[in-house]
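To be precise, the following lines are model-v8.pdb, and they hold PDB, C-alpha atoms.
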```
MODEL        1
ATOM      1  CA  MET A   1      75.086 112.815 -64.172  1.00  0.00           C
ATOM      2  CA  ILE A   2      74.391 114.570 -67.502  1.00  0.00           C
ATOM      3  CA  GLN A   3      71.341 116.311 -66.040  1.00  0.00           C
ATOM      4  CA  ARG A   4      73.481 117.681 -63.180  1.00  0.00           C
ATOM      5  CA  ALA A   5      76.032 118.927 -65.711  1.00  0.00           C
ATOM      6  CA  THR A   6      73.214 120.672 -67.574  1.00  0.00           C
ATOM      7  CA  GLU A   7      72.022 122.290 -64.343  1.00  0.00           C
ATOM      8  CA  ARG A   8      75.564 123.504 -63.542  1.00  0.00           C
ATOM      9  CA  ALA A   9      75.997 124.889 -67.055  1.00  0.00           C
ATOM     10  CA  LEU A  10      72.692 126.773 -66.896  1.00  0.00           C
ATOM     11  CA  ALA A  11      73.495 128.133 -63.421  1.00  0.00           C
ATOM     12  CA  ALA A  12      76.813 129.415 -64.771  1.00  0.00           C
ATOM     13  CA  GLY A  13      75.074 131.230 -67.633  1.00  0.00           C
ATOM     14  CA  GLY A  14      75.517 128.541 -70.275  1.00  0.00           C
ATOM     15  CA  SER A  15      73.096 128.329 -73.164  1.00  0.00           C
ATOM     16  CA  LEU A  16      72.671 126.730 -76.550  1.00  0.00           C
ATOM     17  CA  ARG A  17      73.750 129.999 -78.195  1.00  0.00           C
ATOM     18  CA  ALA A  18      76.886 130.129 -76.026  1.00  0.00           C
ATOM     19  CA  SER A  19      77.670 126.520 -76.940  1.00  0.00           C
ATOM     20  CA  LEU A  20      77.352 127.263 -80.651  1.00  0.00           C
ATOM     21  CA  ASP A  21      79.577 130.332 -80.243  1.00  0.00           C
ATOM     22  CA  MET A  22      82.167 128.140 -78.512  1.00  0.00           C
ATOM     23  CA  VAL A  23      82.021 125.544 -81.306  1.00  0.00           C
ATOM     24  CA  GLU A  24      82.592 128.305 -83.851  1.00  0.00           C
ATOM     25  CA  ARG A  25      85.722 129.431 -81.962  1.00  0.00           C
ATOM     26  CA  ILE A  26      87.215 125.955 -81.551  1.00  0.00           C
ATOM     27  CA  ARG A  27      86.206 124.425 -84.908  1.00  0.00           C
ATOM     28  CA  PRO A  28      89.329 125.709 -86.741  1.00  0.00           C
ATOM     29  CA  HIS A  29      91.481 123.866 -84.192  1.00  0.00           C
ATOM     30  CA  VAL A  30      89.572 120.554 -84.008  1.00  0.00           C
ATOM     31  CA  SER A  31      89.516 117.986 -86.809  1.00  0.00           C
ATOM     32  CA  ALA A  32      87.289 115.480 -84.972  1.00  0.00           C
ATOM     33  CA  PRO A  33      83.542 115.594 -85.595  1.00  0.00           C
ATOM     34  CA  ILE A  34      81.674 117.887 -83.208  1.00  0.00           C
ATOM     35  CA  VAL A  35      78.260 116.737 -82.005  1.00  0.00           C
ATOM     36  CA  ILE A  36      75.785 118.886 -80.074  1.00  0.00           C
ATOM     37  CA  PHE A  37      74.425 116.740 -77.235  1.00  0.00           C
ATOM     38  CA  SER A  38      71.209 118.303 -75.949  1.00  0.00           C
ATOM     39  CA  TYR A  39      67.687 117.771 -74.827  1.00  0.00           C
ATOM     40  CA  ALA A  40      65.160 118.615 -77.549  1.00  0.00           C
ATOM     41  CA  ASN A  41      63.575 121.588 -75.755  1.00  0.00           C
ATOM     42  CA  PRO A  42      66.477 124.063 -76.193  1.00  0.00           C
ATOM     43  CA  LEU A  43      66.605 123.211 -79.909  1.00  0.00           C
ATOM     44  CA  LEU A  44      62.851 123.660 -80.262  1.00  0.00           C
ATOM     45  CA  ARG A  45      62.923 126.943 -78.304  1.00  0.00           C
ATOM     46  CA  MET A  46      65.571 128.354 -80.645  1.00  0.00           C
ATOM     47  CA  GLY A  47      63.619 127.011 -83.605  1.00  0.00           C
ATOM     48  CA  VAL A  48      64.925 123.951 -85.406  1.00  0.00           C
ATOM     49  CA  ALA A  49      65.602 125.840 -88.650  1.00  0.00           C
ATOM     50  CA  GLU A  50      67.463 128.629 -86.818  1.00  0.00           C
ATOM     51  CA  PHE A  51      69.399 126.067 -84.776  1.00  0.00           C
ATOM     52  CA  ALA A  52      70.343 124.125 -87.919  1.00  0.00           C
ATOM     53  CA  ARG A  53      71.519 127.299 -89.661  1.00  0.00           C
ATOM     54  CA  ARG A  54      73.605 128.423 -86.683  1.00  0.00           C
ATOM     55  CA  ALA A  55      74.989 124.949 -85.943  1.00  0.00           C
ATOM     56  CA  ALA A  56      76.061 124.372 -89.537  1.00  0.00           C
ATOM     57  CA  GLY A  57      77.627 127.832 -89.646  1.00  0.00           C
ATOM     58  CA  ALA A  58      79.552 127.114 -86.449  1.00  0.00           C
ATOM     59  CA  GLY A  59      80.948 123.849 -87.799  1.00  0.00           C
ATOM     60  CA  VAL A  60      78.792 121.300 -85.989  1.00  0.00           C
ATOM     61  CA  ASP A  61      78.687 117.883 -87.670  1.00  0.00           C
ATOM     62  CA  GLY A  62      75.807 116.184 -85.884  1.00  0.00           C
ATOM     63  CA  VAL A  63      73.098 116.496 -83.269  1.00  0.00           C
ATOM     64  CA  LEU A  64      72.013 114.069 -80.557  1.00  0.00           C
ATOM     65  CA  ALA A  65      68.708 115.193 -79.037  1.00  0.00           C
ATOM     66  CA  LEU A  66      68.463 112.864 -76.048  1.00  0.00           C
ATOM     67  CA  ASP A  67      64.725 112.865 -75.586  1.00  0.00           C
ATOM     68  CA  LEU A  68      63.594 113.061 -79.217  1.00  0.00           C
ATOM     69  CA  PRO A  69      61.930 109.765 -80.195  1.00  0.00           C
ATOM     70  CA  ILE A  70      62.934 108.564 -83.656  1.00  0.00           C
ATOM     71  CA  GLU A  71      59.291 108.005 -84.592  1.00  0.00           C
ATOM     72  CA  GLU A  72      58.557 111.722 -84.004  1.00  0.00           C
ATOM     73  CA  ALA A  73      61.675 113.115 -85.641  1.00  0.00           C
ATOM     74  CA  ASP A  74      60.929 113.284 -89.376  1.00  0.00           C
ATOM     75  CA  ALA A  75      60.623 117.092 -89.601  1.00  0.00           C
ATOM     76  CA  PHE A  76      63.601 117.554 -87.243  1.00  0.00           C
ATOM     77  CA  ARG A  77      65.757 115.217 -89.354  1.00  0.00           C
ATOM     78  CA  ALA A  78      64.719 116.874 -92.612  1.00  0.00           C
ATOM     79  CA  THR A  79      65.578 120.339 -91.301  1.00  0.00           C
ATOM     80  CA  LEU A  80      68.972 119.235 -89.984  1.00  0.00           C
ATOM     81  CA  SER A  81      69.727 117.266 -93.132  1.00  0.00           C
ATOM     82  CA  ALA A  82      69.006 120.347 -95.269  1.00  0.00           C
ATOM     83  CA  SER A  83      71.858 122.048 -93.378  1.00  0.00           C
ATOM     84  CA  ASP A  84      74.132 118.987 -93.826  1.00  0.00           C
ATOM     85  CA  LEU A  85      73.888 118.019 -90.139  1.00  0.00           C
ATOM     86  CA  ASP A  86      73.648 114.375 -89.092  1.00  0.00           C
ATOM     87  CA  THR A  87      70.919 113.378 -86.658  1.00  0.00           C
ATOM     88  CA  ILE A  88      72.039 110.793 -84.098  1.00  0.00           C
ATOM     89  CA  PHE A  89      69.570 108.647 -82.188  1.00  0.00           C
ATOM     90  CA  LEU A  90      70.043 106.490 -79.111  1.00  0.00           C
ATOM     91  CA  LEU A  91      69.629 102.729 -79.275  1.00  0.00           C
ATOM     92  CA  SER A  92      69.309 100.649 -76.130  1.00  0.00           C
ATOM     93  CA  PRO A  93      69.673  96.958 -75.301  1.00  0.00           C
ATOM     94  CA  THR A  94      65.877  96.672 -75.511  1.00  0.00           C
ATOM     95  CA  THR A  95      65.726  97.947 -79.116  1.00  0.00           C
ATOM     96  CA  THR A  96      64.636  95.087 -81.358  1.00  0.00           C
ATOM     97  CA  ASP A  97      66.193  94.523 -84.785  1.00  0.00           C
ATOM     98  CA  ALA A  98      65.958  97.816 -85.884  1.00  0.00           C
ATOM     99  CA  LEU A  99      73.439 105.537 -83.719  1.00  0.00           C
ATOM    100  CA  TYR A 100      74.858 105.867 -80.359  1.00  0.00           C
ATOM    101  CA  GLY A 101      74.331 102.462 -78.753  1.00  0.00           C
ATOM    102  CA  ILE A 102      73.570 102.562 -75.059  1.00  0.00           C
ATOM    103  CA  SER A 103      75.516  99.605 -73.729  1.00  0.00           C
ATOM    104  CA  ARG A 104      73.476  99.048 -70.563  1.00  0.00           C
ATOM    105  CA  LEU A 105      70.177  99.835 -68.906  1.00  0.00           C
ATOM    106  CA  GLY A 106      70.124 102.287 -66.015  1.00  0.00           C
ATOM    107  CA  VAL A 107      71.541 105.712 -65.378  1.00  0.00           C
ATOM    108  CA  THR A 108      74.716 107.165 -66.783  1.00  0.00           C
ATOM    109  CA  GLY A 109      77.938 107.024 -64.818  1.00  0.00           C
ATOM    110  CA  ALA A 110      81.408 105.484 -64.851  1.00  0.00           C
ATOM    111  CA  ARG A 111      81.565 101.716 -64.340  1.00  0.00           C
ATOM    112  CA  ASP A 112      84.271  99.170 -63.522  1.00  0.00           C
ATOM    113  CA  CYS A 113      83.774  97.244 -66.761  1.00  0.00           C
ATOM    114  CA  VAL A 114      82.074  97.478 -70.129  1.00  0.00           C
ATOM    115  CA  ALA A 115      78.592  95.939 -70.129  1.00  0.00           C
ATOM    116  CA  SER A 116      78.652  92.207 -70.859  1.00  0.00           C
ATOM    117  CA  GLY A 117      76.224  92.512 -73.785  1.00  0.00           C
ATOM    118  CA  ALA A 118      77.941  95.470 -75.465  1.00  0.00           C
ATOM    119  CA  GLU A 119      79.633  93.520 -78.252  1.00  0.00           C
ATOM    120  CA  ALA A 120      76.441  91.591 -79.025  1.00  0.00           C
ATOM    121  CA  LEU A 121      74.537  94.896 -79.187  1.00  0.00           C
ATOM    122  CA  VAL A 122      77.026  96.270 -81.724  1.00  0.00           C
ATOM    123  CA  ARG A 123      76.688  93.068 -83.799  1.00  0.00           C
ATOM    124  CA  ARG A 124      72.879  93.511 -83.787  1.00  0.00           C
ATOM    125  CA  ILE A 125      73.221  97.115 -84.907  1.00  0.00           C
ATOM    126  CA  ARG A 126      75.789  96.239 -87.618  1.00  0.00           C
ATOM    127  CA  ALA A 127      73.360  93.690 -89.044  1.00  0.00           C
ATOM    128  CA  GLN A 128      70.964  96.584 -89.725  1.00  0.00           C
ATOM    129  CA  THR A 129      73.260  99.362 -90.934  1.00  0.00           C
ATOM    130  CA  THR A 130      76.616 100.298 -92.396  1.00  0.00           C
ATOM    131  CA  MET A 131      76.660 103.586 -90.485  1.00  0.00           C
ATOM    132  CA  PRO A 132      79.424 104.188 -87.929  1.00  0.00           C
ATOM    133  CA  ILE A 133      78.483 102.955 -84.468  1.00  0.00           C
ATOM    134  CA  ALA A 134      79.496 104.744 -81.278  1.00  0.00           C
ATOM    135  CA  LEU A 135      78.997 102.933 -77.987  1.00  0.00           C
ATOM    136  CA  GLY A 136      78.665 104.588 -74.604  1.00  0.00           C
ATOM    137  CA  PHE A 137      77.444 104.339 -71.007  1.00  0.00           C
ATOM    138  CA  GLY A 138      79.993 103.716 -68.292  1.00  0.00           C
ATOM    139  CA  ILE A 139      83.181 104.060 -70.340  1.00  0.00           C
ATOM    140  CA  SER A 140      85.851 105.723 -68.224  1.00  0.00           C
ATOM    141  CA  ARG A 141      89.201 103.920 -68.563  1.00  0.00           C
ATOM    142  CA  PRO A 142      91.698 103.064 -71.322  1.00  0.00           C
ATOM    143  CA  GLU A 143      90.846  99.367 -71.178  1.00  0.00           C
ATOM    144  CA  HIS A 144      87.174 100.247 -71.776  1.00  0.00           C
ATOM    145  CA  VAL A 145      88.093 102.338 -74.836  1.00  0.00           C
ATOM    146  CA  ALA A 146      90.325  99.547 -76.189  1.00  0.00           C
ATOM    147  CA  GLU A 147      87.617  96.917 -75.673  1.00  0.00           C
ATOM    148  CA  VAL A 148      84.878  98.993 -77.288  1.00  0.00           C
ATOM    149  CA  GLY A 149      87.262 100.040 -80.072  1.00  0.00           C
ATOM    150  CA  ALA A 150      87.690  96.384 -81.023  1.00  0.00           C
ATOM    151  CA  TYR A 151      84.066  96.152 -82.212  1.00  0.00           C
ATOM    152  CA  ALA A 152      82.589  99.677 -82.419  1.00  0.00           C
ATOM    153  CA  ASP A 153      83.717 102.713 -84.399  1.00  0.00           C
ATOM    154  CA  ALA A 154      83.859 105.057 -81.413  1.00  0.00           C
ATOM    155  CA  ALA A 155      83.735 104.962 -77.632  1.00  0.00           C
ATOM    156  CA  VAL A 156      81.645 107.682 -75.979  1.00  0.00           C
ATOM    157  CA  VAL A 157      82.998 108.963 -72.674  1.00  0.00           C
ATOM    158  CA  GLY A 158      80.369 111.211 -71.120  1.00  0.00           C
ATOM    159  CA  SER A 159      79.884 110.941 -67.373  1.00  0.00           C
ATOM    160  CA  ALA A 160      83.574 110.474 -66.605  1.00  0.00           C
ATOM    161  CA  LEU A 161      84.403 113.704 -68.468  1.00  0.00           C
ATOM    162  CA  VAL A 162      81.489 115.529 -66.844  1.00  0.00           C
ATOM    163  CA  SER A 163      82.744 114.398 -63.406  1.00  0.00           C
ATOM    164  CA  LEU A 164      86.309 115.468 -64.158  1.00  0.00           C
ATOM    165  CA  ILE A 165      85.153 118.897 -65.320  1.00  0.00           C
ATOM    166  CA  ALA A 166      82.941 119.265 -62.229  1.00  0.00           C
ATOM    167  CA  GLU A 167      85.896 118.420 -59.963  1.00  0.00           C
ATOM    168  CA  GLU A 168      88.354 120.698 -61.767  1.00  0.00           C
ATOM    169  CA  HIS A 169      86.068 123.513 -62.980  1.00  0.00           C
ATOM    170  CA  THR A 170      87.844 126.184 -60.933  1.00  0.00           C
ATOM    171  CA  SER A 171      91.338 125.043 -61.888  1.00  0.00           C
ATOM    172  CA  MET A 172      93.391 127.141 -64.294  1.00  0.00           C
ATOM    173  CA  ARG A 173      94.621 123.819 -65.692  1.00  0.00           C
ATOM    174  CA  LEU A 174      91.161 122.467 -66.527  1.00  0.00           C
ATOM    175  CA  LEU A 175      91.822 122.142 -70.266  1.00  0.00           C
ATOM    176  CA  ASP A 176      95.224 120.544 -69.663  1.00  0.00           C
ATOM    177  CA  THR A 177      93.645 118.094 -67.208  1.00  0.00           C
ATOM    178  CA  VAL A 178      90.892 117.160 -69.665  1.00  0.00           C
ATOM    179  CA  GLU A 179      93.411 116.797 -72.498  1.00  0.00           C
ATOM    180  CA  ALA A 180      95.635 114.545 -70.353  1.00  0.00           C
ATOM    181  CA  TYR A 181      92.635 112.394 -69.418  1.00  0.00           C
ATOM    182  CA  VAL A 182      91.573 112.000 -73.057  1.00  0.00           C
ATOM    183  CA  ARG A 183      95.148 111.129 -74.083  1.00  0.00           C
ATOM    184  CA  TRP A 184      95.239 108.529 -71.280  1.00  0.00           C
ATOM    185  CA  LEU A 185      91.931 107.067 -72.482  1.00  0.00           C
ATOM    186  CA  LYS A 186      93.208 106.864 -76.061  1.00  0.00           C
ATOM    187  CA  SER A 187      96.634 105.436 -75.177  1.00  0.00           C
ATOM    188  CA  PRO A 188      95.865 101.763 -75.984  1.00  0.00           C
ATOM    189  CA  CYS A 189      94.403 102.761 -79.357  1.00  0.00           C
ATOM    190  CA  VAL A 190      97.393 104.958 -80.208  1.00  0.00           C
ATOM    191  CA  GLU A 191      99.775 102.125 -79.272  1.00  0.00           C
ATOM    192  CA  ALA A 192      97.810  99.665 -81.429  1.00  0.00           C
ATOM    193  CA  GLU A 193      97.959 102.037 -84.425  1.00  0.00           C
ATOM    194  CA  ARG A 194     101.749 102.244 -84.111  1.00  0.00           C
ATOM    195  CA  ARG A 195     102.099  98.470 -84.442  1.00  0.00           C
TER     196      ARG A 195
ENDMDL
END
```

Go ahead and express the file in the form of structure tokens.
Amino acid sequence: MIQRATERALAAGGSLRASLDMVERIRPHVSAPIVIFSYANPLLRMGVAEFARRAAGAGVDGVLALDLPIEEADAFRATLSASDLDTIFLLSPTTTDALYGISRLGVTGARDCVASGAEALVRRIRAQTTMPIALGFGISRPEHVAEVGAYADAAVVGSALVSLIAEEHTSMRLLDTVEAYVRWLKSPCVEAERR
């Protein structure tokens, strides 16, 4: 799902530079943290130091390089950290006692329910760190966000948003449609905060 979105973005002329330019334009209007979600190669092609400089200047808060193994990331982390950018790594259900938690094995994509071991995974991660924990993979409905929000700090909705954008990409109301979907996803959390 994410790979297809990457292919569509590249075919439409998208690039890492264009993404950073877009972040710079929207940053004044967005208070939520902005994370660049990328494969490592585009970051390496730009040069990690140049990427870190540009990303920090644009207002990026963190970077998730999908295919960058944590054990090979020391120089990458140091360069990003020097520009005050957080490095985010993926954890999976097969990670042992060791921070985007992947709630299930398999490929990305919307699911009918949150993975049965998701809460236990978050408990394992919390035993190792005090850092905020975001949980993703298959989250696509308000009840998923509410469930994950009960034990994690954030719910990551990736494939469902990518699918919505793919379906509506020619619509003049694309941004309104995405905003309405995100509001719908957040609705149980907003209601809980009001209580």

Explicit residues for the PyMOL selection byres ((chain A and resi 122-133) around 6) (as a PDB file with C-alpha atoms, in the frame of the given file):
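Result file is out.pdb:
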```
ATOM      1  CA  LEU A  99      73.439 105.537 -83.719  1.00  0.00           C
ATOM      2  CA  GLU A 119      79.633  93.520 -78.252  1.00  0.00           C
ATOM      3  CA  ALA A 120      76.441  91.591 -79.025  1.00  0.00           C
ATOM      4  CA  LEU A 121      74.537  94.896 -79.187  1.00  0.00           C
ATOM      5  CA  ALA A 134      79.496 104.744 -81.278  1.00  0.00           C
ATOM      6  CA  ALA A 152      82.589  99.677 -82.419  1.00  0.00           C
ATOM      7  CA  ASP A 153      83.717 102.713 -84.399  1.00  0.00           C
TER       8      ASP A 153
END
```

*Given the file shown, enumerate the residues that the PyMOL selection byres ((chain A and resi 55) around 9) captures and present them as a PyMOL selection string.*
chain A and resi 20+23-24+36+50-54+56-62+83+85

*Check the smallest atom-to-atom distance from each of A:Ala49, A:Phe37, A:Glu168, A:Leu44 to Ala82 in chain A using only C-alpha atoms, then report the winner.*
A:Ala49

*Between A:Arg25, A:Arg4, A:Arg17, A:Lys186, which one has atoms that come closest to Gly149 in chain A, using all atoms listed in the file?*
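For Gly149 in chain A, the nearest of the given residues is A:Lys186.
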
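Proximity ranking of A:Leu135, A:Ala73, A:Ser81, A:Ser171 relative to Ala154 in chain A places A:Leu135 first, based on all atoms listed in the file.
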
_For Arg8 in chain A, the nearest of the candidates A:Ala166, A:Leu175, A:Asp21, A:Val63, counting all atoms listed in the file_ = A:Ala166

*d(CA of Ser187 in chain A, CA of Pro142 in chain A) in Å*: 6.7 Å

*Could you jot down the CA of Ala32 in chain A to CA of Phe89 in chain A separation for me, Å, one decimal place?*
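Separating CA of Ala32 in chain A from CA of Phe89 in chain A is a distance of 19.2 Å.
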
_Report, in Å to a single decimal, how far apart CA of Ser38 in chain A and CA of Glu143 in chain A are._
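CA of Glu143 in chain A sits 27.7 Å away from CA of Ser38 in chain A.
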
Show me, as a compact mmCIF listing (two decimals) with C-alpha atoms, in the frame of the given file, the residues that have an atom within 12 Å of Leu185 in chain A when counting only C-alpha atoms, minus same-chain residues fewer than 2 positions from it.
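Writing the result to around_31.txt gives the following:
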```txt
# COMPACT_ATOMS: atom_id res chain seq x y z
CA ILE A 139 83.18 104.06 -70.34
CA SER A 140 85.85 105.72 -68.22
CA ARG A 141 89.20 103.92 -68.56
CA PRO A 142 91.70 103.06 -71.32
CA GLU A 143 90.85 99.37 -71.18
CA HIS A 144 87.17 100.25 -71.78
CA VAL A 145 88.09 102.34 -74.84
CA ALA A 146 90.32 99.55 -76.19
CA GLU A 147 87.62 96.92 -75.67
CA VAL A 148 84.88 98.99 -77.29
CA GLY A 149 87.26 100.04 -80.07
CA ALA A 155 83.74 104.96 -77.63
CA VAL A 156 81.64 107.68 -75.98
CA VAL A 157 83.00 108.96 -72.67
CA ALA A 160 83.57 110.47 -66.60
CA LEU A 161 84.40 113.70 -68.47
CA VAL A 178 90.89 117.16 -69.67
CA GLU A 179 93.41 116.80 -72.50
CA ALA A 180 95.64 114.54 -70.35
CA TYR A 181 92.64 112.39 -69.42
CA VAL A 182 91.57 112.00 -73.06
CA ARG A 183 95.15 111.13 -74.08
CA SER A 187 96.63 105.44 -75.18
CA PRO A 188 95.86 101.76 -75.98
CA CYS A 189 94.40 102.76 -79.36
CA VAL A 190 97.39 104.96 -80.21
CA GLU A 191 99.78 102.12 -79.27
```

*Option closest in space to Gly14 in chain A, from A:Pro33, A:Pro42, A:Gly138, A:Gly158 [counting all atoms listed in the file]*: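 Smallest separation from Gly14 in chain A among the options: A:Pro42.
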
*From A:Thr6, A:Ser19, A:Ser163, A:Asn41, residue lying nearest Ala65 in chain A [all atoms listed in the file]*: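 Ranking A:Thr6, A:Ser19, A:Ser163, A:Asn41 by distance to Ala65 in chain A, first place goes to A:Asn41.
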
Could you add the missing atoms to range 43-62 of chain A, up to N, CA and C atoms, and return them as an mmCIF file, keeping the file's coordinate frame?
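Contents of part_25.cif, as written:
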```cif
data_model
loop_
_atom_site.group_PDB
_atom_site.id
_atom_site.type_symbol
_atom_site.label_atom_id
_atom_site.label_comp_id
_atom_site.auth_asym_id
_atom_site.auth_seq_id
_atom_site.Cartn_x
_atom_site.Cartn_y
_atom_site.Cartn_z
ATOM 1 N N LEU A 43 66.573 123.133 -78.447
ATOM 2 C CA LEU A 43 66.605 123.211 -79.909
ATOM 3 C C LEU A 43 65.266 123.718 -80.436
ATOM 4 N N LEU A 44 64.184 123.225 -79.847
ATOM 5 C CA LEU A 44 62.851 123.660 -80.262
ATOM 6 C C LEU A 44 62.608 125.120 -79.891
ATOM 7 N N ARG A 45 63.098 125.541 -78.723
ATOM 8 C CA ARG A 45 62.923 126.943 -78.304
ATOM 9 C C ARG A 45 63.641 127.894 -79.250
ATOM 10 N N MET A 46 64.845 127.513 -79.693
ATOM 11 C CA MET A 46 65.571 128.354 -80.645
ATOM 12 C C MET A 46 64.872 128.336 -81.999
ATOM 13 N N GLY A 47 64.189 127.244 -82.285
ATOM 14 C CA GLY A 47 63.619 127.011 -83.605
ATOM 15 C C GLY A 47 64.560 126.079 -84.344
ATOM 16 N N VAL A 48 64.050 124.957 -84.814
ATOM 17 C CA VAL A 48 64.925 123.951 -85.406
ATOM 18 C C VAL A 48 65.644 124.501 -86.633
ATOM 19 N N ALA A 49 64.958 125.274 -87.460
ATOM 20 C CA ALA A 49 65.602 125.840 -88.650
ATOM 21 C C ALA A 49 66.711 126.818 -88.262
ATOM 22 N N GLU A 50 66.447 127.677 -87.281
ATOM 23 C CA GLU A 50 67.463 128.629 -86.818
ATOM 24 C C GLU A 50 68.633 127.881 -86.189
ATOM 25 N N PHE A 51 68.333 126.864 -85.377
ATOM 26 C CA PHE A 51 69.399 126.067 -84.776
ATOM 27 C C PHE A 51 70.250 125.417 -85.864
ATOM 28 N N ALA A 52 69.604 124.807 -86.851
ATOM 29 C CA ALA A 52 70.343 124.125 -87.919
ATOM 30 C C ALA A 52 71.242 125.108 -88.662
ATOM 31 N N ARG A 53 70.725 126.282 -88.958
ATOM 32 C CA ARG A 53 71.519 127.299 -89.661
ATOM 33 C C ARG A 53 72.732 127.695 -88.836
ATOM 34 N N ARG A 54 72.503 127.992 -87.559
ATOM 35 C CA ARG A 54 73.605 128.423 -86.683
ATOM 36 C C ARG A 54 74.600 127.298 -86.435
ATOM 37 N N ALA A 55 74.103 126.084 -86.214
ATOM 38 C CA ALA A 55 74.989 124.949 -85.943
ATOM 39 C C ALA A 55 75.871 124.650 -87.150
ATOM 40 N N ALA A 56 75.276 124.624 -88.328
ATOM 41 C CA ALA A 56 76.061 124.372 -89.537
ATOM 42 C C ALA A 56 77.092 125.474 -89.740
ATOM 43 N N GLY A 57 76.697 126.713 -89.510
ATOM 44 C CA GLY A 57 77.627 127.832 -89.646
ATOM 45 C C GLY A 57 78.769 127.786 -88.655
ATOM 46 N N ALA A 58 78.521 127.215 -87.485
ATOM 47 C CA ALA A 58 79.552 127.114 -86.449
ATOM 48 C C ALA A 58 80.509 125.953 -86.696
ATOM 49 N N GLY A 59 80.092 124.996 -87.534
ATOM 50 C CA GLY A 59 80.948 123.849 -87.799
ATOM 51 C C GLY A 59 80.539 122.572 -87.093
ATOM 52 N N VAL A 60 79.308 122.517 -86.618
ATOM 53 C CA VAL A 60 78.792 121.300 -85.989
ATOM 54 C C VAL A 60 78.591 120.241 -87.072
ATOM 55 N N ASP A 61 78.861 118.985 -86.725
ATOM 56 C CA ASP A 61 78.687 117.883 -87.670
ATOM 57 C C ASP A 61 77.397 117.100 -87.446
ATOM 58 N N GLY A 62 76.978 116.987 -86.181
ATOM 59 C CA GLY A 62 75.807 116.184 -85.884
ATOM 60 C C GLY A 62 75.116 116.638 -84.622
#
```
